[in-house]
>>> print(open('input37.cif').read())   # mmCIF, C-alpha atoms
data_input
#
loop_
_atom_site.label_atom_id
_atom_site.label_comp_id
_atom_site.auth_asym_id
_atom_site.auth_seq_id
_atom_site.Cartn_x
_atom_site.Cartn_y
_atom_site.Cartn_z
CA MET A 13 -75.68 -30.00 24.04
CA THR A 14 -72.99 -31.11 26.47
CA THR A 15 -70.78 -28.65 28.28
CA ALA A 16 -67.90 -29.54 25.93
CA ASP A 17 -70.14 -28.97 22.88
CA ARG A 18 -71.01 -25.50 24.14
CA LEU A 19 -67.34 -24.72 24.76
CA THR A 20 -66.36 -25.93 21.28
CA ASP A 21 -69.10 -23.78 19.74
CA LEU A 22 -67.75 -20.85 21.75
CA LEU A 23 -64.21 -21.52 20.53
CA GLY A 24 -65.45 -21.45 16.96
CA HIS A 25 -66.02 -17.70 17.18
CA TRP A 26 -62.25 -17.17 17.29
CA PHE A 27 -61.21 -19.50 14.42
CA SER A 28 -61.99 -19.32 10.72
CA GLY A 29 -61.98 -23.12 10.38
CA PRO A 30 -62.43 -26.12 12.66
CA PRO A 31 -61.11 -25.63 16.20
CA PRO A 32 -57.49 -26.86 16.38
CA VAL A 33 -58.04 -28.66 19.71
CA ARG A 34 -60.38 -31.13 21.32
CA LEU A 35 -61.91 -29.99 24.59
CA ARG A 36 -62.69 -31.90 27.76
CA ALA A 37 -64.95 -29.97 30.13
CA TRP A 38 -64.96 -30.09 33.91
CA ASP A 39 -67.93 -32.48 33.83
CA GLY A 40 -65.98 -35.04 31.75
CA SER A 41 -67.74 -34.37 28.43
CA GLU A 42 -65.60 -34.05 25.29
CA SER A 43 -66.04 -32.34 21.95
CA GLY A 44 -63.96 -31.30 18.98
CA PRO A 45 -61.89 -32.91 16.22
CA ALA A 46 -60.77 -36.45 17.01
CA GLY A 47 -57.00 -36.75 17.13
CA ALA A 48 -56.47 -33.06 17.89
CA PRO A 49 -54.55 -32.10 21.05
CA LEU A 50 -56.76 -32.47 24.10
CA VAL A 51 -57.25 -29.38 26.26
CA ALA A 52 -58.81 -30.09 29.64
CA LEU A 53 -60.69 -27.28 31.39
CA ARG A 54 -60.67 -28.24 35.06
CA SER A 55 -63.31 -25.76 36.23
CA PRO A 56 -65.50 -22.87 35.03
CA ALA A 57 -62.79 -20.58 36.43
CA ALA A 58 -60.75 -21.22 33.28
CA LEU A 59 -63.53 -19.86 31.08
CA ARG A 60 -64.14 -16.96 33.46
CA ARG A 61 -60.45 -16.04 33.31
CA LEU A 62 -60.53 -16.04 29.50
CA LEU A 63 -63.62 -13.84 29.47
CA TRP A 64 -61.89 -11.32 31.71
CA GLN A 65 -58.61 -11.57 29.80
CA PRO A 66 -59.00 -13.08 26.33
CA GLY A 67 -55.92 -13.97 24.34
CA GLU A 68 -52.45 -15.33 25.05
CA LEU A 69 -52.07 -14.01 28.60
CA GLY A 70 -55.44 -15.30 29.76
CA LEU A 71 -54.69 -18.76 28.35
CA ALA A 72 -51.25 -18.77 29.94
CA GLU A 73 -52.60 -17.73 33.35
CA ALA A 74 -55.32 -20.38 33.22
CA TYR A 75 -52.55 -22.92 32.57
CA ILE A 76 -50.33 -21.53 35.34
CA ALA A 77 -53.23 -21.67 37.80
CA GLY A 78 -53.96 -25.30 36.87
CA GLU A 79 -57.45 -24.44 35.60
CA LEU A 80 -56.46 -25.56 32.11
CA ASP A 81 -54.19 -28.42 31.09
CA ILE A 82 -52.92 -29.88 27.84
CA GLU A 83 -52.76 -33.66 27.91
CA GLY A 84 -49.78 -35.35 26.27
CA ASP A 85 -46.84 -33.55 24.69
CA LEU A 86 -47.13 -29.82 25.38
CA SER A 87 -44.71 -28.83 22.60
CA ALA A 88 -46.50 -30.97 20.02
CA ALA A 89 -49.84 -29.46 21.04
CA LEU A 90 -48.54 -25.89 20.78
CA SER A 91 -47.01 -26.66 17.37
CA HIS A 92 -50.32 -28.07 16.13
CA VAL A 93 -52.20 -24.95 17.24
CA TRP A 94 -49.59 -22.64 15.64
CA ARG A 95 -49.85 -24.50 12.32
CA ALA A 96 -53.64 -24.29 12.40
CA MET A 97 -53.56 -20.57 13.13
CA ARG A 98 -51.12 -19.96 10.28
CA SER A 99 -53.02 -22.05 7.76
CA GLN A 100 -56.61 -21.03 8.53
CA GLY A 101 -56.16 -17.78 10.40
CA THR A 102 -58.17 -16.48 13.32
CA ALA A 103 -61.46 -14.63 13.43
CA LYS A 104 -62.40 -11.51 15.35
CA PRO A 105 -65.86 -11.98 16.88
CA GLY A 106 -68.30 -9.12 16.46
CA PRO A 107 -70.88 -7.79 18.94
CA ARG A 108 -73.39 -10.54 18.13
CA GLU A 109 -70.82 -13.31 18.64
CA LEU A 110 -69.61 -11.74 21.87
CA ALA A 111 -73.18 -11.54 23.17
CA ARG A 112 -73.67 -15.23 22.36
CA ALA A 113 -70.39 -16.06 24.09
CA ALA A 114 -71.51 -14.21 27.22
CA ALA A 115 -74.84 -16.05 27.20
CA THR A 116 -73.08 -19.40 26.85
CA ALA A 117 -70.73 -18.52 29.71
CA ALA A 118 -73.71 -17.61 31.88
CA ARG A 119 -75.38 -20.98 31.16
CA LEU A 120 -72.13 -22.72 32.11
CA GLY A 121 -71.81 -20.84 35.39
CA ALA A 122 -68.63 -19.07 34.32
CA LEU A 123 -69.69 -15.49 34.92
CA GLY A 124 -68.40 -13.80 38.04
CA PRO A 125 -65.63 -11.60 39.41
CA ARG A 126 -62.15 -11.62 37.92
CA PRO A 127 -60.27 -14.73 39.12
CA PRO A 128 -57.29 -14.08 41.39
CA ALA A 129 -53.84 -13.97 39.83
CA PRO A 130 -52.01 -17.30 39.60
CA GLY A 131 -49.52 -18.13 42.33
CA ALA A 132 -46.51 -17.24 40.16
CA ALA A 133 -45.31 -13.65 40.29
CA ARG A 134 -46.00 -11.26 37.44
CA ALA A 135 -43.35 -8.65 36.73
CA LYS A 136 -44.28 -5.31 38.31
CA LEU A 137 -42.00 -2.62 36.92
CA SER A 138 -42.25 1.12 37.23
CA GLY A 139 -40.25 4.15 36.19
CA ARG A 140 -38.78 5.20 32.87
CA LEU A 141 -38.24 2.38 30.38
CA HIS A 142 -34.63 1.13 30.56
CA SER A 143 -33.61 3.47 33.32
CA ALA A 144 -30.97 1.87 35.54
CA ALA A 145 -33.51 1.24 38.33
CA ARG A 146 -36.10 -0.30 36.00
CA ASP A 147 -33.48 -2.43 34.23
CA ARG A 148 -32.31 -3.67 37.63
CA ALA A 149 -35.88 -4.65 38.57
CA ALA A 150 -36.43 -6.40 35.21
CA ILE A 151 -33.20 -8.38 35.52
CA SER A 152 -33.94 -9.24 39.14
CA HIS A 153 -37.40 -10.56 38.23
CA HIS A 154 -35.89 -13.18 35.95
CA TYR A 155 -32.40 -13.92 37.22
CA ASP A 156 -32.89 -13.56 40.98
CA LEU A 157 -35.66 -16.17 41.04
CA SER A 158 -33.32 -18.49 42.94
CA ASN A 159 -29.74 -19.61 42.42
CA ASP A 160 -30.87 -23.04 43.62
CA PHE A 161 -33.54 -23.12 40.90
CA TYR A 162 -31.04 -22.40 38.13
CA ALA A 163 -28.51 -24.83 39.61
CA LEU A 164 -31.19 -27.51 39.36
CA LEU A 165 -32.14 -26.57 35.78
CA LEU A 166 -28.77 -25.89 34.15
CA ASP A 167 -25.60 -27.92 33.70
CA GLU A 168 -22.76 -27.65 36.19
CA SER A 169 -21.21 -24.65 34.41
CA MET A 170 -24.45 -22.70 35.05
CA ALA A 171 -24.46 -21.52 31.43
CA TYR A 172 -27.91 -20.03 30.75
CA SER A 173 -27.60 -19.49 27.01
CA CYS A 174 -27.55 -21.45 23.77
CA GLY A 175 -25.04 -24.31 23.69
CA TYR A 176 -22.99 -25.40 20.68
CA TRP A 177 -23.77 -29.05 19.87
CA THR A 178 -20.74 -30.31 17.95
CA ARG A 179 -21.68 -34.02 18.24
CA PRO A 180 -25.46 -34.10 18.55
CA ASP A 181 -25.75 -37.71 17.40
CA ASP A 182 -23.32 -39.02 20.02
CA PRO A 183 -25.42 -40.51 22.85
CA GLY A 184 -22.61 -39.77 25.32
CA TYR A 185 -22.52 -36.08 24.39
CA THR A 186 -24.39 -34.02 26.97
CA LEU A 187 -25.67 -30.51 27.57
CA ALA A 188 -22.56 -29.86 29.66
CA ASP A 189 -20.40 -30.82 26.66
CA ALA A 190 -22.37 -28.48 24.38
CA GLN A 191 -21.97 -25.61 26.83
CA ARG A 192 -18.24 -26.24 27.20
CA ASP A 193 -17.88 -26.27 23.41
CA LYS A 194 -19.80 -22.97 23.22
CA LEU A 195 -17.49 -21.37 25.78
CA GLU A 196 -14.40 -22.66 23.98
CA LEU A 197 -15.72 -21.37 20.64
CA ILE A 198 -16.26 -17.90 22.11
CA CYS A 199 -12.75 -17.83 23.60
CA ARG A 200 -11.22 -18.88 20.28
CA LYS A 201 -13.17 -16.29 18.32
CA LEU A 202 -12.02 -13.63 20.77
CA GLY A 203 -8.42 -14.83 20.42
CA LEU A 204 -7.89 -15.10 24.18
CA THR A 205 -4.39 -15.88 25.41
CA GLY A 206 -2.70 -15.70 28.79
CA GLY A 207 -3.03 -12.25 30.29
CA ALA A 208 -5.57 -11.00 27.73
CA ARG A 209 -8.07 -8.57 29.28
CA LEU A 210 -11.66 -9.76 28.79
CA LEU A 211 -14.77 -7.79 29.79
CA ASP A 212 -17.87 -10.00 30.09
CA VAL A 213 -20.97 -7.78 30.07
CA GLY A 214 -23.97 -9.59 31.55
CA CYS A 215 -21.89 -12.44 32.96
CA GLY A 216 -24.78 -14.52 34.29
CA TRP A 217 -23.54 -17.12 36.76
CA GLY A 218 -19.99 -16.76 35.52
CA SER A 219 -19.68 -19.68 33.10
CA LEU A 220 -17.69 -17.75 30.47
CA ALA A 221 -15.70 -15.64 32.94
CA LEU A 222 -14.56 -18.70 34.88
CA TYR A 223 -13.84 -20.73 31.75
CA ALA A 224 -11.80 -17.95 30.12
CA ALA A 225 -9.74 -17.51 33.28
CA ARG A 226 -9.32 -21.21 34.04
CA GLU A 227 -8.65 -22.53 30.52
CA HIS A 228 -7.11 -19.50 28.76
CA LYS A 229 -5.60 -17.60 31.71
CA ALA A 230 -7.43 -14.42 30.67
CA GLN A 231 -7.75 -11.49 33.08
CA VAL A 232 -11.54 -11.14 33.33
CA THR A 233 -13.82 -8.35 34.50
CA ALA A 234 -17.32 -9.84 34.88
CA VAL A 235 -20.31 -7.49 35.13
CA THR A 236 -23.88 -8.30 36.17
CA LEU A 237 -26.92 -6.31 37.28
CA ALA A 238 -28.38 -9.21 39.32
CA GLN A 239 -27.41 -9.24 42.99
CA GLU A 240 -27.87 -12.99 43.43
CA GLN A 241 -25.64 -13.66 40.42
CA ARG A 242 -22.96 -11.35 41.83
CA TYR A 243 -22.88 -13.32 45.09
CA PHE A 244 -22.84 -16.63 43.24
CA VAL A 245 -20.03 -15.73 40.83
CA ALA A 246 -17.84 -14.24 43.57
CA ALA A 247 -18.20 -17.44 45.59
CA ARG A 248 -17.28 -19.60 42.59
CA VAL A 249 -14.25 -17.43 41.83
CA ALA A 250 -13.01 -17.88 45.39
CA GLU A 251 -13.80 -21.60 45.40
CA GLU A 252 -11.79 -22.18 42.22
CA GLY A 253 -8.87 -20.05 43.37
CA LEU A 254 -9.26 -17.54 40.54
CA THR A 255 -9.41 -14.31 42.56
CA ASP A 256 -6.22 -13.07 40.88
CA LEU A 257 -7.82 -13.49 37.44
CA VAL A 258 -11.54 -12.65 37.84
CA GLU A 259 -13.14 -9.50 39.24
CA VAL A 260 -16.94 -9.45 39.57
CA GLN A 261 -18.80 -6.13 39.47
CA LEU A 262 -22.44 -5.30 40.19
CA ARG A 263 -23.29 -2.45 37.84
CA HIS A 264 -25.31 -1.27 34.86
CA TRP A 265 -23.62 -1.41 31.46
CA ARG A 266 -23.73 2.40 31.28
CA ASP A 267 -21.59 2.57 34.42
CA ILE A 268 -18.74 0.30 33.30
CA GLU A 269 -15.48 2.17 33.69
CA GLY A 270 -12.10 1.95 32.02
CA GLY A 271 -11.25 0.69 28.58
CA GLY A 272 -8.45 -0.80 26.55
CA PHE A 273 -9.88 -4.31 26.77
CA ASP A 274 -8.48 -6.92 24.38
CA ALA A 275 -11.89 -8.53 24.13
CA VAL A 276 -15.49 -7.88 25.16
CA SER A 277 -18.26 -10.48 25.29
CA THR A 278 -21.98 -10.06 25.81
CA VAL A 279 -23.85 -13.35 25.73
CA GLU A 280 -27.64 -13.02 25.46
CA MET A 281 -27.63 -9.78 27.40
CA GLY A 282 -28.27 -7.36 24.51
CA GLU A 283 -31.93 -8.41 24.44
CA HIS A 284 -32.36 -6.53 27.73
CA VAL A 285 -30.80 -3.26 26.54
CA GLY A 286 -33.79 -1.81 24.69
CA ASP A 287 -34.32 -0.56 21.16
CA ALA A 288 -33.73 3.17 21.65
CA GLU A 289 -30.75 2.46 23.92
CA TYR A 290 -28.95 -0.01 21.66
CA PRO A 291 -26.93 2.58 19.68
CA ASP A 292 -25.54 3.90 22.98
CA PHE A 293 -24.80 0.31 24.00
CA THR A 294 -22.81 -0.43 20.83
CA ALA A 295 -20.95 2.88 21.15
CA LYS A 296 -20.07 1.93 24.74
CA LEU A 297 -18.74 -1.46 23.62
CA HIS A 298 -16.64 0.20 20.91
CA GLY A 299 -15.18 2.61 23.44
CA LEU A 300 -14.27 -0.18 25.87
CA LEU A 301 -12.14 -2.02 23.30
CA ARG A 302 -8.57 -1.20 22.37
CA PRO A 303 -7.80 -0.86 18.64
CA ARG A 304 -7.80 -4.38 17.14
CA GLY A 305 -9.80 -5.59 20.14
CA ARG A 306 -12.60 -8.06 19.42
CA LEU A 307 -16.27 -8.15 20.42
CA LEU A 308 -18.43 -11.29 20.59
CA VAL A 309 -22.18 -10.71 20.76
CA GLN A 310 -24.38 -13.77 21.17
CA GLN A 311 -27.95 -12.57 20.85
CA MET A 312 -31.45 -13.71 20.03
CA SER A 313 -33.23 -12.28 17.01
CA ARG A 314 -36.85 -11.90 15.97
CA GLY A 315 -38.86 -10.43 13.12
CA ALA A 316 -39.15 -6.67 12.86
CA HIS A 317 -42.85 -6.74 13.77
CA ALA A 318 -42.53 -8.96 16.86
CA PRO A 319 -39.71 -7.47 18.95
CA GLY A 320 -40.81 -8.77 22.34
CA GLY A 321 -41.51 -12.28 23.50
CA GLY A 322 -45.29 -11.87 23.65
CA ALA A 323 -47.62 -11.06 26.54
CA PHE A 324 -46.79 -14.20 28.56
CA ILE A 325 -43.00 -13.79 28.29
CA GLU A 326 -43.14 -10.06 28.99
CA ASN A 327 -45.27 -10.50 32.10
CA TYR A 328 -43.80 -13.63 33.63
CA ILE A 329 -40.29 -14.20 32.25
CA ALA A 330 -38.37 -11.31 30.68
CA PRO A 331 -40.08 -7.92 30.97
CA ASP A 332 -38.86 -5.09 28.72
CA MET A 333 -37.03 -7.51 26.41
CA HIS A 334 -36.42 -6.28 22.85
CA MET A 335 -35.19 -8.32 19.89
CA ARG A 336 -34.68 -7.37 16.25
CA PRO A 337 -33.62 -9.06 13.01
CA VAL A 338 -29.95 -10.02 13.10
CA GLY A 339 -29.19 -7.76 10.13
CA ARG A 340 -30.37 -4.75 12.11
CA THR A 341 -28.03 -5.63 14.99
CA VAL A 342 -25.14 -5.98 12.54
CA ALA A 343 -25.95 -2.53 11.15
CA LEU A 344 -25.98 -1.00 14.64
CA LEU A 345 -22.58 -2.50 15.42
CA GLU A 346 -21.18 -1.15 12.14
CA ASP A 347 -22.71 2.26 12.85
CA ALA A 348 -20.72 2.34 16.11
CA GLY A 349 -17.46 1.97 14.20
CA LEU A 350 -17.02 -1.77 14.66
CA GLU A 351 -16.27 -4.08 11.75
CA VAL A 352 -18.37 -7.25 11.70
CA ARG A 353 -16.23 -10.21 10.65
CA SER A 354 -18.44 -13.24 11.25
CA VAL A 355 -22.08 -14.10 11.87
CA GLN A 356 -22.85 -17.69 12.88
CA ALA A 357 -26.46 -18.81 13.25
CA LEU A 358 -27.14 -21.23 16.12
CA ARG A 359 -30.93 -21.50 15.90
CA GLU A 360 -31.16 -25.30 15.84
CA HIS A 361 -28.63 -25.47 18.67
CA TYR A 362 -31.02 -23.50 20.86
CA THR A 363 -33.84 -25.95 20.23
CA ARG A 364 -31.58 -28.74 21.51
CA THR A 365 -30.43 -26.67 24.47
CA ILE A 366 -33.94 -25.73 25.60
CA ASP A 367 -35.16 -29.30 25.08
CA ALA A 368 -32.39 -30.45 27.43
CA TRP A 369 -33.51 -27.92 30.06
CA GLY A 370 -37.11 -29.06 29.57
CA ASP A 371 -36.12 -32.71 30.06
CA THR A 372 -34.45 -31.74 33.34
CA LEU A 373 -37.54 -29.84 34.47
CA GLU A 374 -39.82 -32.79 33.75
CA GLY A 375 -37.43 -35.38 35.14
CA ARG A 376 -37.06 -33.49 38.43
CA TRP A 377 -40.55 -32.00 38.58
CA GLU A 378 -41.14 -32.75 42.26
CA GLU A 379 -37.87 -31.05 43.22
CA PHE A 380 -38.76 -27.94 41.21
CA THR A 381 -42.26 -27.68 42.65
CA ALA A 382 -40.92 -28.14 46.19
CA LEU A 383 -38.39 -25.36 45.55
CA VAL A 384 -40.50 -22.68 43.83
CA GLY A 385 -44.10 -23.93 43.96
CA GLU A 386 -46.19 -25.54 41.23
CA PRO A 387 -47.44 -22.30 39.59
CA THR A 388 -43.86 -21.09 38.97
CA ALA A 389 -42.82 -24.53 37.75
CA ARG A 390 -45.76 -24.45 35.31
CA VAL A 391 -44.61 -20.99 34.12
CA TRP A 392 -41.26 -22.53 33.22
CA ARG A 393 -42.80 -25.62 31.62
CA LEU A 394 -44.83 -23.37 29.33
CA TYR A 395 -41.89 -21.02 28.71
CA LEU A 396 -39.46 -23.76 27.75
CA ALA A 397 -41.93 -25.59 25.52
CA GLY A 398 -42.93 -22.42 23.70
CA SER A 399 -39.36 -21.15 23.34
CA ALA A 400 -38.03 -24.41 21.89
CA LEU A 401 -40.87 -24.35 19.39
CA ALA A 402 -40.18 -20.73 18.41
CA PHE A 403 -36.58 -21.59 17.52
CA ALA A 404 -37.50 -24.85 15.80
CA GLU A 405 -40.08 -23.10 13.60
CA HIS A 406 -37.82 -20.12 12.76
CA ARG A 407 -39.94 -17.57 14.60
CA MET A 408 -36.82 -16.75 16.61
CA GLY A 409 -33.11 -17.03 15.95
CA VAL A 410 -29.85 -16.74 17.84
CA ASP A 411 -26.49 -15.74 16.42
CA GLN A 412 -22.87 -15.23 17.38
CA ILE A 413 -21.65 -11.95 15.88
CA LEU A 414 -17.90 -11.35 15.96
CA ALA A 415 -16.74 -7.78 15.42
CA VAL A 416 -13.47 -5.91 15.77
CA ARG A 417 -12.43 -2.32 16.42
CA PRO A 418 -9.98 -1.58 13.58
CA THR A 419 -7.13 0.89 13.97
CA LEU A 420 -7.38 4.28 12.28
CA GLU A 421 -5.35 2.77 9.45
CA GLY A 422 -7.83 -0.09 9.08
CA ASP A 423 -5.76 -2.85 10.69
CA SER A 424 -8.09 -5.44 12.21
CA GLY A 425 -5.49 -7.87 13.54
CA MET A 426 -7.81 -10.71 12.52
CA PRO A 427 -6.50 -14.07 11.22
CA GLY A 428 -6.77 -14.73 7.50
CA THR A 429 -9.15 -17.66 7.99
CA PRO A 430 -11.38 -18.87 10.85
CA GLY A 431 -10.03 -22.43 10.74
CA SER A 432 -8.48 -22.29 14.21
CA TRP A 433 -11.86 -21.48 15.74
CA TYR A 434 -13.24 -24.90 14.86
CA ALA A 435 -10.12 -27.09 14.97
CA GLY A 436 -10.76 -30.32 16.83
CA GLU A 437 -14.48 -29.45 17.17
CA LEU A 438 -13.82 -28.08 19.79
CA ARG A 439 -12.00 -29.59 22.73
CA PRO A 440 -9.02 -27.44 23.82
#
>>> encode(input="input37.cif", output="structure tokens")
Amino acid sequence: MTTADRLTDLLGHWFSGPPPVRLRAWDGSESGPAGAPLVALRSPAALRRLLWQPGELGLAEAYIAGELDIEGDLSAALSHVWRAMRSQGTAKPGPRELARAAATAARLGALGPRPPAPGAARAKLSGRLHSAARDRAAISHHYDLSNDFYALLLDESMAYSCGYWTRPDDPGYTLADAQRDKLELICRKLGLTGGARLLDVGCGWGSLALYAAREHKAQVTAVTLAQEQRYFVAARVAEEGLTDLVEVQLRHWRDIEGGGFDAVSTVEMGEHVGDAEYPDFTAKLHGLLRPRGRLLVQQMSRGAHAPGGGAFIENYIAPDMHMRPVGRTVALLEDAGLEVRSVQALREHYTRTIDAWGDTLEGRWEEFTALVGEPTARVWRLYLAGSALAFAEHRMGVDQILAVRPTLEGDSGMPGTPGSWYAGELRP
């Protein structure tokens, strides 16, 4: 048997049917179904890593370290494997199969000490879950990677969230256009006018705060927990001459002061709040609004039995993230005394958005690797490919939820129809 044959036989212990991939071993031999995605194992270290850490995280770290590669389209390969796992299921090897696997690994020279961690940084959090200090560390791990990195990846608005693709078939319509249309849609749903007080919780790099101030003359309080974002947004505010309209604060959502806001937005920040903490979060948002004030929550959703992003995401991208079905989030908002008026699903829009980020990553690969190193760039290649696939295949969703704080008499102050939100699709 060739090395690849032995590896394919080993892989068979984990699948109920034929292996969903073709393998190329480090000696050049190949085995497995013709036409299946080709997985190249560059050295025995890949197998050793999987023996020490079987499952998703071991596979991801072998890829990050460059010990394992997928030839061709990464997204297509991941989709093929997901379909195979859903249709034929996976097997759990017993003691006999595990003993055979160990013997095979020994023959292939893969036994040995645990391989070193890949060059990219794993999240290392400590302390009570969703304490202010731990939340700050979790946010910093993801968002303080490098402002230069995100400036290279994102469009010029620095919007790091799902865009709204109003003209997806127009070849001249870009990611920047989709992000502008998303920002305009949010401002219209919130009913922003000159002088309106907007609180943006989890402001990112300031795309919404700056747009609301610049285009709608709103008075914006922007809040972030990431130090690098705070510096970046403050500099952009000064550069655009908006210091009289935008205040940027570095603080936890629990520590936001004041109230009486006409509108509150939280764009893809609620995923970082935590499950047990979310009722307090919604109560806080309710308390920050004036009667008839509006809340816009843009948030990712996931099935009730898969609240996190998986072992790879939780270790390398977004630690302590928690998602839930959109209906559960709606219920939590209603429980806080808010009235939900609109829920708009944007799932397919996120696939397009992430694909655009992925195209940028691939098109400027040498710049990314020079900036953050190849292991971190490979983390992001895997993250973007897997995330786009999760939205495309309905394993994840994203929604805009518009709610209002009614008066004691039940007055919402909402328009009779939402037509003005979409007029002109969507250029102001």
>>> closest_residue(input="input37.cif", among="A:Val249, A:Val391, A:Ala415, A:Val232", to="Ala343 (chain A)", atoms="all atoms listed in the file")
A:Ala415
>>> atom_distance(input="input37.cif", atom1="CA of Pro303 (chain A)", atom2="CA of Pro430 (chain A)")
19.9 Å
>>> closest_residue(input="input37.cif", among="A:Leu23, A:Leu157, A:Ala250, A:Ala330", to="Gly385 (chain A)", atoms="only C-alpha atoms")
A:Leu157
>>> resolve_selection(input="input37.cif", expression="the PyMOL selection byres ((chain A and resi 204) around 12)", output="CSV table (one decimal) with C-alpha atoms, in the frame of the given file")
chain,number,residue,atom,x,y,z
A,195,LEU,CA,-17.5,-21.4,25.8
A,196,GLU,CA,-14.4,-22.7,24.0
A,197,LEU,CA,-15.7,-21.4,20.6
A,198,ILE,CA,-16.3,-17.9,22.1
A,199,CYS,CA,-12.8,-17.8,23.6
A,200,ARG,CA,-11.2,-18.9,20.3
A,201,LYS,CA,-13.2,-16.3,18.3
A,202,LEU,CA,-12.0,-13.6,20.8
A,203,GLY,CA,-8.4,-14.8,20.4
A,205,THR,CA,-4.4,-15.9,25.4
A,206,GLY,CA,-2.7,-15.7,28.8
A,207,GLY,CA,-3.0,-12.2,30.3
A,208,ALA,CA,-5.6,-11.0,27.7
A,209,ARG,CA,-8.1,-8.6,29.3
A,210,LEU,CA,-11.7,-9.8,28.8
A,211,LEU,CA,-14.8,-7.8,29.8
A,220,LEU,CA,-17.7,-17.8,30.5
A,221,ALA,CA,-15.7,-15.6,32.9
A,223,TYR,CA,-13.8,-20.7,31.8
A,224,ALA,CA,-11.8,-18.0,30.1
A,225,ALA,CA,-9.7,-17.5,33.3
A,226,ARG,CA,-9.3,-21.2,34.0
A,227,GLU,CA,-8.6,-22.5,30.5
A,228,HIS,CA,-7.1,-19.5,28.8
A,229,LYS,CA,-5.6,-17.6,31.7
A,230,ALA,CA,-7.4,-14.4,30.7
A,231,GLN,CA,-7.8,-11.5,33.1
A,232,VAL,CA,-11.5,-11.1,33.3
A,273,PHE,CA,-9.9,-4.3,26.8
A,274,ASP,CA,-8.5,-6.9,24.4
A,275,ALA,CA,-11.9,-8.5,24.1
A,276,VAL,CA,-15.5,-7.9,25.2
A,277,SER,CA,-18.3,-10.5,25.3
A,305,GLY,CA,-9.8,-5.6,20.1
A,306,ARG,CA,-12.6,-8.1,19.4
A,307,LEU,CA,-16.3,-8.2,20.4
A,308,LEU,CA,-18.4,-11.3,20.6
A,433,TRP,CA,-11.9,-21.5,15.7
>>> closest_residue(input="input37.cif", among="A:Ser399, A:Ser43, A:Gln65, A:Gln241", to="Ala163 (chain A)", atoms="only C-alpha atoms")
A:Gln241
>>> closest_residue(input="input37.cif", among="A:Ser158, A:Gln356, A:Ser169, A:Thr14", to="Ala190 (chain A)", atoms="only C-alpha atoms")
A:Ser169
>>> residues_around(input="input37.cif", residues="region 92-102 of chain A", least_positions_apart="4", cutoff="6 Å", atoms="all atoms listed in the file", output="ChimeraX atom specification")
/A:26-28,32
>>> closest_residue(input="input37.cif", among="A:Thr178, A:Ser91, A:Thr278, A:Gln239", to="Val260 (chain A)", atoms="only C-alpha atoms")
A:Gln239
>>> resolve_selection(input="input37.cif", expression="the PyMOL selection byres ((chain A and resi 291) around 12)", output="ChimeraX atom specification")
/A:282,285-290,292-298,340-350
>>> closest_residue(input="input37.cif", among="A:Leu165, A:Val245, A:Ile329, A:Val416", to="Thr388 (chain A)", atoms="only C-alpha atoms")
A:Ile329
>>> resolve_selection(input="input37.cif", expression="the PyMOL selection byres ((chain A and resi 405-414) around 8)", output="mmCIF file with C-alpha atoms, in the frame of the given file")
data_model
loop_
_atom_site.group_PDB
_atom_site.id
_atom_site.type_symbol
_atom_site.label_atom_id
_atom_site.label_comp_id
_atom_site.auth_asym_id
_atom_site.auth_seq_id
_atom_site.Cartn_x
_atom_site.Cartn_y
_atom_site.Cartn_z
ATOM 1 C CA CYS A 174 -27.550 -21.450 23.770
ATOM 2 C CA LYS A 201 -13.170 -16.290 18.320
ATOM 3 C CA LEU A 202 -12.020 -13.630 20.770
ATOM 4 C CA ARG A 306 -12.600 -8.060 19.420
ATOM 5 C CA LEU A 307 -16.270 -8.150 20.420
ATOM 6 C CA LEU A 308 -18.430 -11.290 20.590
ATOM 7 C CA VAL A 309 -22.180 -10.710 20.760
ATOM 8 C CA GLN A 310 -24.380 -13.770 21.170
ATOM 9 C CA GLN A 311 -27.950 -12.570 20.850
ATOM 10 C CA MET A 312 -31.450 -13.710 20.030
ATOM 11 C CA SER A 313 -33.230 -12.280 17.010
ATOM 12 C CA ARG A 314 -36.850 -11.900 15.970
ATOM 13 C CA GLY A 315 -38.860 -10.430 13.120
ATOM 14 C CA VAL A 338 -29.950 -10.020 13.100
ATOM 15 C CA VAL A 342 -25.140 -5.980 12.540
ATOM 16 C CA VAL A 352 -18.370 -7.250 11.700
ATOM 17 C CA ARG A 353 -16.230 -10.210 10.650
ATOM 18 C CA SER A 354 -18.440 -13.240 11.250
ATOM 19 C CA VAL A 355 -22.080 -14.100 11.870
ATOM 20 C CA GLN A 356 -22.850 -17.690 12.880
ATOM 21 C CA ALA A 357 -26.460 -18.810 13.250
ATOM 22 C CA LEU A 358 -27.140 -21.230 16.120
ATOM 23 C CA ARG A 359 -30.930 -21.500 15.900
ATOM 24 C CA TYR A 362 -31.020 -23.500 20.860
ATOM 25 C CA LEU A 401 -40.870 -24.350 19.390
ATOM 26 C CA ALA A 402 -40.180 -20.730 18.410
ATOM 27 C CA PHE A 403 -36.580 -21.590 17.520
ATOM 28 C CA ALA A 404 -37.500 -24.850 15.800
ATOM 29 C CA ALA A 415 -16.740 -7.780 15.420
ATOM 30 C CA VAL A 416 -13.470 -5.910 15.770
#
>>> residues_near_point(input="input37.cif", point="(-75.3, -32.9, 25.8)", cutoff="12 Å", atoms="all atoms listed in the file", output="ChimeraX atom specification")
/A:13-19,37,39-43
>>> atom_distance(input="input37.cif", atom1="CA of Gln261 (chain A)", atom2="CA of Tyr176 (chain A)")
27.2 Å
